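Here the structure comes first, spelled out in structure tokens, and everything after it is commentary.
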Amino acid sequence: MDWTALWLSMRLAGWTVVVLLPVAVLMGRFLAYRQFRAKGLVEALVMLPLVLPPTVFGFYLLVAFGRNSPVGDLWQSLFAHQLVFSFEGLVAASVIFNLPFAIQPAQRGFEAVPVEVREAAACCGMSPVRSLWRVELPLAWPGLITAMVLTFAHTLGEFGIVLMVGGSIPGETKTIAIAIYDRVQGFDDQAAAIMSAVLVAISLFTIAVTYWLSARVGRRLS
Amino acid sequence: MALEVMARARTPIPLDVAFQVEPGELLALVGHSGAGKTTLLRTIAGLWRPQTGRVAVNGRAWLDTAAGVDLPTHRRRVGIVFQSYALFPHMTAVQNVMAAMDIPDKAEAERTLDLVNLHGLADRKPAQLSGGQQQRVAVARALARRPYALLLDEPFSAVDRATREKLYGEIIELRRHLAMPVVLVTHDMNEAQLLADRMVVIADGRAVREGTTAEVMADPDALRAMGIRELAAMLPAIIVEHAADGLTRLDAPTGSLFLPGVEGKPGTRVRVRIMAHEVILSRLRPEGLSAQNIIAGKVVRIVPGVGPGVIVYVDVAGHEILARITRRATDQMALAPGDTVHVILKSMSVARDHVARAPDPSQAAE
């Protein structure tokens with residue numbers, strides 16, 4: 001059992017969720033409420049990571065974060081190490097490839113808040129920020145929880161992009177999914193089996209907790 | 001705190017309406033769905049922006065497209081009751097009311113709920129309340145905002161008839177406490193006539209008629225847009241007694257009126273809507289007739305309609321009763337202004353929801 005890899009995966013998933021939560025709230029709310037001409041295009045872009053082969057997506061991220069890219073350059077000058085093949089680079093990639101898993105459910109959550117209820121909040125004198133906090137988030141949060149859980153579980157399992165952008169540096173970029181692959185390559189089937197089972201248990205647990213929470217919310221609101 | 005409204009737009013619906021509502025006055029915007037009534041209400045609240053418009057309360061502009069003023073909704077002191085009530089489903093009744101307060105005060109919110117007859121239901125969630133109760137919470141929430149204008153968007157359309165009758169009475173009662181202009185949007189002419197002081201008839205985004213409720217409801221031209229069958233007079237009356245047979249005797253300026261079971265204790269002031277098409281006229285006082293109400297009056301004027309009908313305005317003790325009868329009948333009776341006629345009204349022709357509590361004149365708005 002590779003505890004370092006498991007811990008790395010959990011940290012990666014945790015950071016991804018932390019960074020994506022505000023993005024999901026803002027983007028999901030924006031896409032749910034606003035009608036604009038390029039909306040279809042924006043929604044398609046958000047969904048793109050879902051359909052691209054991970055290697056293709058990982059390749060582009062590698063190019064975008066690499067030493068000769070503006071992003072890679074900036075990172076190098078700021079932190080004196082390169083963005084690719086680092087934990088930070090992995091978080092950045094993870095945030096991007098999880099966009100559809102975070103934004104889509106958040107958008108559905110905000111769409112479930114009736115328009116008149118939002119208007120009523122404004123008529124009660126609530127500013128947009130206050131309305132978000134007191135009315136929209138309490139009503140949209142099943143969608144946000146789903147977004148966060150999907151993001152967390154999906155990050156634990158992602159393989160191709162992590163390998164492309166992060167390589168497989170123990171303690172830095174070697175996630176549990178890659179560790180399992182390594183063990184199988186090294187004919188260590190027993191270790192691979194244990195780690196796979198742990199991953200299944202964690203995923204199952206997170207999803208069960210989500211369902212339990214959303215059922216509770218459903219009861220609270222009806 | 002008069003409310004001035006002017007709105008002009010070409011899209012998405014053509015709109016060109018201006019009106020003013022005085023403090024404590026209830027103005028009804030009436031018209032068919034799609035006429036632009038709700039859009040006007042949304043303009044006042046800042047939920048919709050016309051191409052050209054001005055909304056001002058007490059001279060202070062909330063919207064003035066000419067001057068570039070457009071306050072966001074949450075900066076306008078409006079209380080609004082939505083057709084769907086739009087209560088916050090995750091909050092209890094009292095929390096809903098508190099959400100509209102500048103400084104949330106539970107005791108004050110509970111007093112507001114008491115004011116709309118919701119005592120003891122403060123801790124229920126909207127889903128645990130009936131339609132009528134939800135409407136009352138919505139009214140309480142709108143009032144808790146301490147609004148400079150109270151806007152009611154078809155607030156009675158989602159409840160059953162019995163509840164609606166009760167809510168009419170409550171709104172009439174509540175108005176004693178309201179000092180701000182009130183705008184009611186409705187397509188129900190009965191509701192408008194029972195509740196409003198003044199009316200604006202909206203058709204295709206234009207105000208086709210504006211006037212006091214009595215003026216508008218007696219004007220066939222104004223009512224053509226809403227259906228001439230809505231033409232009706234309003235008679236003030238006081239409940240005298242409930243007879244054992246179910247009829248209620250009321251004291252009206254016209255003498256005694258007998259109507260089927262009117263709710264209220266003896267002494268209660270009510271207003272009775274008398275539909276013009278239900279009234280029969282007779283030159284002689286008829287005998288052996290089943291109708292329980294026969295009232296003598298004087299023909300004031302006769303206005304021909306576009307079809308076979310005419311409208312006869314009859315003065316009864318200073319109040320006007322309208323009769324919509326055929327031109328042929330007026331010819332046969334040789335009716336002319338100044339003639340004495342007997343107005344015949346079946347008790348059963350007055351529907352229960354055509355009688356409502358009258359505002360008590362002895363207690364004006366504070």
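Ligands are numbered from 1 in the order shown, chains are lettered A, B, ... in the order of the structure tokens, and residues start at 1 in each chain.
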Check: which chain A residues lie within 10 Å of chain B using only C-alpha atoms, as number ranges by chain: A: 113-128, 131, 134-136, 138-139, 217, 220-222
Pro105 of chain A environment, 8 Å, only C-alpha atoms, sequence neighbours closer than 6 positions dropped, as an MDAnalysis selection string: chainID A and resid 28 143:144 146:147
What does the file look like for those residues with C-alpha atoms, as a tab-separated table (two decimals), in the first residue's frame?
```
chain	number	residue	atom	x	y	z
A	28	GLY	CA	-22.60	28.25	-12.43
A	143	GLY	CA	-26.05	21.15	-6.81
A	144	LEU	CA	-22.90	22.58	-5.29
A	146	THR	CA	-22.78	17.28	-6.12
A	147	ALA	CA	-20.26	19.46	-7.96
```
Spatial neighbours of Ile274 of chain B, 12 Å, only C-alpha atoms, chain gap at least 3 places, as a PyMOL selection string: chain B and resi 190+193-194+214+217-218+229-236+257+259+271+277-280+293+319-324+343-355
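Using only C-alpha atoms, the shortest contact distance between Val25 of chain A and any of A:Leu199, A:Ala140, A:Leu61, A:Leu74 is found at A:Ala140.
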Let me make sure I understand: among B:Gly68, B:Gly264, B:Pro23, B:Gly318, which one has the smallest atom-to-atom distance to Ala252 of chain B if we use only C-alpha atoms? B:Gly318
Residue set, chain A restricted to alpha helix (DSSP H), as number ranges by chain: A: 3-33, 39-51, 54-65, 70-79, 87-97, 99-111, 115-123, 128-131, 137-157, 160-166, 176-185, 189-221
Find the residues around Ile169 of chain A up to 9 Å (only C-alpha atoms counted), leave out those fewer than 6 positions away in its own chain, and share them as JSON, numbers by chain. {"A": [85, 86, 175]}
6 Å contact set for segment 173-184 of chain B, only C-alpha atoms, chain neighbours under 5 positions out, as an MDAnalysis selection string: chainID B and resid 21:28 148:152 365
Just the selected residues (N, CA and C atoms), exported as a PDB file, in the first residue's frame, please.
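Below you can see part_11.pdb, which holds the result:
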```pdb
ATOM      1  N   VAL B  21     -50.230  57.476  -8.320  1.00  0.00           N
ATOM      2  CA  VAL B  21     -51.002  56.913  -7.218  1.00  0.00           C
ATOM      3  C   VAL B  21     -50.698  57.726  -5.963  1.00  0.00           C
ATOM      4  N   GLU B  22     -51.761  58.154  -5.295  1.00  0.00           N
ATOM      5  CA  GLU B  22     -51.588  58.992  -4.109  1.00  0.00           C
ATOM      6  C   GLU B  22     -51.318  58.121  -2.876  1.00  0.00           C
ATOM      7  N   PRO B  23     -50.753  58.704  -1.835  1.00  0.00           N
ATOM      8  CA  PRO B  23     -50.522  57.936  -0.602  1.00  0.00           C
ATOM      9  C   PRO B  23     -51.833  57.367  -0.067  1.00  0.00           C
ATOM     10  N   GLY B  24     -51.806  56.120   0.322  1.00  0.00           N
ATOM     11  CA  GLY B  24     -52.991  55.483   0.887  1.00  0.00           C
ATOM     12  C   GLY B  24     -54.025  55.074  -0.139  1.00  0.00           C
ATOM     13  N   GLU B  25     -53.765  55.404  -1.385  1.00  0.00           N
ATOM     14  CA  GLU B  25     -54.732  55.079  -2.424  1.00  0.00           C
ATOM     15  C   GLU B  25     -54.413  53.708  -3.023  1.00  0.00           C
ATOM     16  N   LEU B  26     -55.475  52.971  -3.413  1.00  0.00           N
ATOM     17  CA  LEU B  26     -55.254  51.699  -4.091  1.00  0.00           C
ATOM     18  C   LEU B  26     -55.691  51.844  -5.539  1.00  0.00           C
ATOM     19  N   LEU B  27     -54.711  51.739  -6.416  1.00  0.00           N
ATOM     20  CA  LEU B  27     -54.980  51.843  -7.848  1.00  0.00           C
ATOM     21  C   LEU B  27     -54.923  50.440  -8.452  1.00  0.00           C
ATOM     22  N   ALA B  28     -55.944  50.098  -9.229  1.00  0.00           N
ATOM     23  CA  ALA B  28     -55.922  48.794  -9.896  1.00  0.00           C
ATOM     24  C   ALA B  28     -55.534  48.983 -11.351  1.00  0.00           C
ATOM     25  N   TYR B 148     -42.277  52.216   0.300  1.00  0.00           N
ATOM     26  CA  TYR B 148     -42.850  53.487  -0.126  1.00  0.00           C
ATOM     27  C   TYR B 148     -43.935  53.226  -1.165  1.00  0.00           C
ATOM     28  N   ALA B 149     -43.959  52.014  -1.711  1.00  0.00           N
ATOM     29  CA  ALA B 149     -45.024  51.624  -2.634  1.00  0.00           C
ATOM     30  C   ALA B 149     -45.258  50.130  -2.456  1.00  0.00           C
ATOM     31  N   LEU B 150     -46.529  49.744  -2.357  1.00  0.00           N
ATOM     32  CA  LEU B 150     -46.867  48.328  -2.202  1.00  0.00           C
ATOM     33  C   LEU B 150     -47.452  47.834  -3.520  1.00  0.00           C
ATOM     34  N   LEU B 151     -46.866  46.765  -4.050  1.00  0.00           N
ATOM     35  CA  LEU B 151     -47.275  46.271  -5.355  1.00  0.00           C
ATOM     36  C   LEU B 151     -47.862  44.868  -5.214  1.00  0.00           C
ATOM     37  N   LEU B 152     -49.055  44.673  -5.739  1.00  0.00           N
ATOM     38  CA  LEU B 152     -49.721  43.378  -5.634  1.00  0.00           C
ATOM     39  C   LEU B 152     -49.963  42.835  -7.042  1.00  0.00           C
ATOM     40  N   ALA B 365     -56.610  56.227   7.183  1.00  0.00           N
ATOM     41  CA  ALA B 365     -55.220  55.741   7.263  1.00  0.00           C
ATOM     42  C   ALA B 365     -54.421  56.598   8.228  1.00  0.00           C
TER      43      ALA B 365
END
```
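With only C-alpha atoms as the basis for measurement, A:Gly166 is the residue among A:Gly166, A:Pro53, A:Gly58, A:Gly186 that approaches Phe87 of chain A most closely.
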Which residues are close to Ile302 of chain B, i.e. within 10 Å by only C-alpha atoms, leaving aside same-chain residues fewer than 5 positions away? Reply as a ChimeraX atom specification. /B:310-314,322-324,327,330,335-337
